[in-house]
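Visitor: Have a look at this one.
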Amino acid sequence: MPNDDIMTTKELADYLRIAEKTAYRFASEGKVPGFKVGSAWRFRKGEIERWIAQQEQEGKQK
(Lines give C-alpha, C1' and ligand atoms only; values in the text may rest on other atoms or scores of the structure.)
Protein backbone atom coordinates (compact mmCIF):
# COMPACT_ATOMS: atom_id res chain seq x y z
CA MET A 1 0.00 0.00 0.00
CA PRO A 2 1.56 3.31 -1.02
CA ASN A 3 2.11 5.91 1.70
CA ASP A 4 0.00 8.50 -0.12
CA ASP A 5 -3.04 6.23 0.35
CA ILE A 6 -3.29 7.49 3.96
CA MET A 7 -4.08 11.16 4.61
CA THR A 8 -3.78 13.33 7.71
CA THR A 9 -6.54 15.70 8.82
CA LYS A 10 -4.73 18.58 7.09
CA GLU A 11 -4.39 16.60 3.86
CA LEU A 12 -8.07 15.63 4.03
CA ALA A 13 -9.03 19.27 4.52
CA ASP A 14 -6.92 20.27 1.51
CA TYR A 15 -8.38 17.43 -0.56
CA LEU A 16 -11.98 18.40 0.28
CA ARG A 17 -11.16 22.13 0.21
CA ILE A 18 -12.57 22.71 3.66
CA ALA A 19 -11.07 24.11 6.84
CA GLU A 20 -8.87 21.76 8.85
CA LYS A 21 -11.10 22.38 11.89
CA THR A 22 -14.14 21.28 9.86
CA ALA A 23 -12.34 18.11 8.72
CA TYR A 24 -11.48 17.30 12.33
CA ARG A 25 -15.09 17.91 13.41
CA PHE A 26 -16.41 15.69 10.60
CA ALA A 27 -14.04 12.92 11.72
CA SER A 28 -14.94 13.29 15.39
CA GLU A 29 -18.66 13.16 14.57
CA GLY A 30 -18.21 10.13 12.30
CA LYS A 31 -19.34 12.04 9.20
CA VAL A 32 -16.29 10.92 7.19
CA PRO A 33 -14.65 7.48 7.31
CA GLY A 34 -11.42 7.56 9.27
CA PHE A 35 -9.44 5.95 12.04
CA LYS A 36 -7.17 7.07 14.84
CA VAL A 37 -3.48 6.36 15.23
CA GLY A 38 -2.92 7.33 18.84
CA SER A 39 -4.73 10.64 19.09
CA ALA A 40 -4.30 11.60 15.41
CA TRP A 41 -6.94 10.99 12.75
CA ARG A 42 -6.00 9.25 9.49
CA PHE A 43 -8.06 8.70 6.34
CA ARG A 44 -7.75 6.24 3.46
CA LYS A 45 -8.06 8.12 0.18
CA GLY A 46 -10.08 5.30 -1.43
CA GLU A 47 -12.62 5.39 1.40
CA ILE A 48 -12.90 9.17 1.13
CA GLU A 49 -13.50 8.89 -2.63
CA ARG A 50 -16.27 6.31 -2.00
CA TRP A 51 -17.74 8.60 0.67
CA ILE A 52 -17.75 11.50 -1.83
CA ALA A 53 -19.56 9.33 -4.41
CA GLN A 54 -22.12 8.34 -1.76
CA GLN A 55 -22.66 12.01 -0.84
CA GLU A 56 -23.23 12.81 -4.51
CA GLN A 57 -25.82 10.04 -4.83
CA GLU A 58 -27.65 11.14 -1.68
CA GLY A 59 -27.68 14.71 -3.01
CA LYS A 60 -29.30 13.58 -6.24
CA GLN A 61 -32.02 11.70 -4.36
CA LYS A 62 -33.16 14.82 -2.46
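Simple scheme: letters A, B, ... for chains in C-alpha coordinates order, numbers from 1 for residues in each chain, numbers from 1 for ligands in the order shown.
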With a distance cut-off of 8 Å and only C-alpha atoms, select the neighbouring residues of Met7 of chain A, excluding the residue or stretch itself and same-chain residues fewer than 4 positions from it, and output the selection as a count of residues only.
Guide: 6
Visitor: Using DSSP on the backbone, list every residue of chain A that comes out as strand (DSSP E or B), and give them as a PyMOL selection string.
Guide: chain A and resi 6-8+35-37+40-44
Visitor: Output N, CA, C and O atoms for every residue in that selection, as a PDB file, in the first residue's frame.
Guide:
ATOM      1  N   ILE A   6      -2.830   7.058   2.641  1.00  0.00           N
ATOM      2  CA  ILE A   6      -3.294   7.491   3.957  1.00  0.00           C
ATOM      3  C   ILE A   6      -3.092   9.002   4.077  1.00  0.00           C
ATOM      4  O   ILE A   6      -2.012   9.508   3.796  1.00  0.00           O
ATOM      5  N   MET A   7      -4.156   9.710   4.485  1.00  0.00           N
ATOM      6  CA  MET A   7      -4.080  11.161   4.610  1.00  0.00           C
ATOM      7  C   MET A   7      -4.240  11.592   6.069  1.00  0.00           C
ATOM      8  O   MET A   7      -4.943  10.948   6.839  1.00  0.00           O
ATOM      9  N   THR A   8      -3.604  12.699   6.405  1.00  0.00           N
ATOM     10  CA  THR A   8      -3.781  13.330   7.709  1.00  0.00           C
ATOM     11  C   THR A   8      -5.025  14.219   7.650  1.00  0.00           C
ATOM     12  O   THR A   8      -5.606  14.422   6.581  1.00  0.00           O
ATOM     13  N   PHE A  35      -9.868   6.732  10.886  1.00  0.00           N
ATOM     14  CA  PHE A  35      -9.437   5.948  12.042  1.00  0.00           C
ATOM     15  C   PHE A  35      -8.363   6.732  12.780  1.00  0.00           C
ATOM     16  O   PHE A  35      -7.770   7.664  12.226  1.00  0.00           O
ATOM     17  N   LYS A  36      -8.151   6.368  14.021  1.00  0.00           N
ATOM     18  CA  LYS A  36      -7.169   7.065  14.837  1.00  0.00           C
ATOM     19  C   LYS A  36      -5.900   6.240  14.978  1.00  0.00           C
ATOM     20  O   LYS A  36      -5.948   5.027  15.147  1.00  0.00           O
ATOM     21  N   VAL A  37      -4.780   6.929  14.907  1.00  0.00           N
ATOM     22  CA  VAL A  37      -3.477   6.364  15.232  1.00  0.00           C
ATOM     23  C   VAL A  37      -3.026   7.172  16.440  1.00  0.00           C
ATOM     24  O   VAL A  37      -2.672   8.343  16.304  1.00  0.00           O
ATOM     25  N   ALA A  40      -4.228  10.934  16.715  1.00  0.00           N
ATOM     26  CA  ALA A  40      -4.299  11.602  15.414  1.00  0.00           C
ATOM     27  C   ALA A  40      -5.206  10.843  14.449  1.00  0.00           C
ATOM     28  O   ALA A  40      -5.141   9.623  14.349  1.00  0.00           O
ATOM     29  N   TRP A  41      -6.050  11.592  13.748  1.00  0.00           N
ATOM     30  CA  TRP A  41      -6.935  10.992  12.751  1.00  0.00           C
ATOM     31  C   TRP A  41      -6.178  10.708  11.467  1.00  0.00           C
ATOM     32  O   TRP A  41      -5.301  11.478  11.071  1.00  0.00           O
ATOM     33  N   ARG A  42      -6.542   9.613  10.796  1.00  0.00           N
ATOM     34  CA  ARG A  42      -5.998   9.251   9.491  1.00  0.00           C
ATOM     35  C   ARG A  42      -7.155   8.792   8.609  1.00  0.00           C
ATOM     36  O   ARG A  42      -8.161   8.281   9.099  1.00  0.00           O
ATOM     37  N   PHE A  43      -6.989   8.981   7.292  1.00  0.00           N
ATOM     38  CA  PHE A  43      -8.062   8.698   6.344  1.00  0.00           C
ATOM     39  C   PHE A  43      -7.483   7.997   5.126  1.00  0.00           C
ATOM     40  O   PHE A  43      -6.460   8.423   4.596  1.00  0.00           O
ATOM     41  N   ARG A  44      -8.160   6.928   4.694  1.00  0.00           N
ATOM     42  CA  ARG A  44      -7.753   6.242   3.465  1.00  0.00           C
ATOM     43  C   ARG A  44      -8.384   6.978   2.287  1.00  0.00           C
ATOM     44  O   ARG A  44      -9.606   7.191   2.257  1.00  0.00           O
TER      45      ARG A  44
END
Visitor: Once DSSP has gone over the backbone, tell me which residues of chain A are in helix (DSSP H, G or I), as a PyMOL selection string.
Guide: chain A and resi 3-5+9-16+20-28+45-61
Visitor: How far is it from atom CA of Trp51 of chain A to atom CA of Ala23 of chain A, in Å with one decimal?
Guide: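 These atoms are spaced 13.6 Å apart.
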Visitor: Considering only C-alpha atoms, state which residue in the set A:Gln61, A:Ala13, A:Gly38, A:Gln55 is at the smallest distance from Arg25 of chain A.
Guide: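 Closest to Arg25 of chain A of all the choices is A:Ala13.
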Visitor: Can you tell me which residues surround Ile48 of chain A at a distance of at most 10 Å, considering only C-alpha atoms, apart from same-chain residues fewer than 5 positions away, and format the answer as a list in words?
Guide: Met7, Leu12, Tyr15, Leu16, Val32, Pro33, Gly34, Phe43, Ala53 and Gln54 of chain A
Visitor: Can you write out the residues you just picked, keeping N, CA, C and O atoms, as a PDB file, in the first residue's frame?
Guide:
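The file below, again-v5.pdb, is the result:
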ATOM      1  N   MET A   7      -4.156   9.710   4.485  1.00  0.00           N
ATOM      2  CA  MET A   7      -4.080  11.161   4.610  1.00  0.00           C
ATOM      3  C   MET A   7      -4.240  11.592   6.069  1.00  0.00           C
ATOM      4  O   MET A   7      -4.943  10.948   6.839  1.00  0.00           O
ATOM      5  N   LEU A  12      -6.651  15.813   4.336  1.00  0.00           N
ATOM      6  CA  LEU A  12      -8.070  15.626   4.031  1.00  0.00           C
ATOM      7  C   LEU A  12      -8.744  16.975   3.792  1.00  0.00           C
ATOM      8  O   LEU A  12      -9.493  17.137   2.835  1.00  0.00           O
ATOM      9  N   TYR A  15      -7.762  18.241   0.477  1.00  0.00           N
ATOM     10  CA  TYR A  15      -8.385  17.433  -0.565  1.00  0.00           C
ATOM     11  C   TYR A  15      -9.852  17.813  -0.768  1.00  0.00           C
ATOM     12  O   TYR A  15     -10.330  17.922  -1.891  1.00  0.00           O
ATOM     13  N   LEU A  16     -10.558  18.044   0.348  1.00  0.00           N
ATOM     14  CA  LEU A  16     -11.976  18.398   0.283  1.00  0.00           C
ATOM     15  C   LEU A  16     -12.199  19.908   0.148  1.00  0.00           C
ATOM     16  O   LEU A  16     -13.333  20.353  -0.002  1.00  0.00           O
ATOM     17  N   VAL A  32     -17.190  11.424   8.237  1.00  0.00           N
ATOM     18  CA  VAL A  32     -16.286  10.918   7.195  1.00  0.00           C
ATOM     19  C   VAL A  32     -15.613   9.657   7.730  1.00  0.00           C
ATOM     20  O   VAL A  32     -15.373   9.534   8.932  1.00  0.00           O
ATOM     21  N   PRO A  33     -15.310   8.704   6.851  1.00  0.00           N
ATOM     22  CA  PRO A  33     -14.653   7.480   7.308  1.00  0.00           C
ATOM     23  C   PRO A  33     -13.185   7.738   7.650  1.00  0.00           C
ATOM     24  O   PRO A  33     -12.448   8.321   6.850  1.00  0.00           O
ATOM     25  N   GLY A  34     -12.799   7.369   8.841  1.00  0.00           N
ATOM     26  CA  GLY A  34     -11.418   7.563   9.266  1.00  0.00           C
ATOM     27  C   GLY A  34     -11.103   6.679  10.453  1.00  0.00           C
ATOM     28  O   GLY A  34     -11.976   5.972  10.964  1.00  0.00           O
ATOM     29  N   PHE A  43      -6.989   8.981   7.292  1.00  0.00           N
ATOM     30  CA  PHE A  43      -8.062   8.698   6.344  1.00  0.00           C
ATOM     31  C   PHE A  43      -7.483   7.997   5.126  1.00  0.00           C
ATOM     32  O   PHE A  43      -6.460   8.423   4.596  1.00  0.00           O
ATOM     33  N   ALA A  53     -18.591   9.877  -3.446  1.00  0.00           N
ATOM     34  CA  ALA A  53     -19.558   9.330  -4.408  1.00  0.00           C
ATOM     35  C   ALA A  53     -20.902   9.090  -3.734  1.00  0.00           C
ATOM     36  O   ALA A  53     -21.963   9.382  -4.306  1.00  0.00           O
ATOM     37  N   GLN A  54     -20.884   8.583  -2.506  1.00  0.00           N
ATOM     38  CA  GLN A  54     -22.120   8.343  -1.757  1.00  0.00           C
ATOM     39  C   GLN A  54     -22.832   9.670  -1.475  1.00  0.00           C
ATOM     40  O   GLN A  54     -24.059   9.755  -1.604  1.00  0.00           O
TER      41      GLN A  54
END
Visitor: Using only C-alpha atoms, which residue out of A:Asp5, A:Tyr24, A:Ile52, A:Gln57 lies closest to Ser39 of chain A?
Guide: A:Tyr24
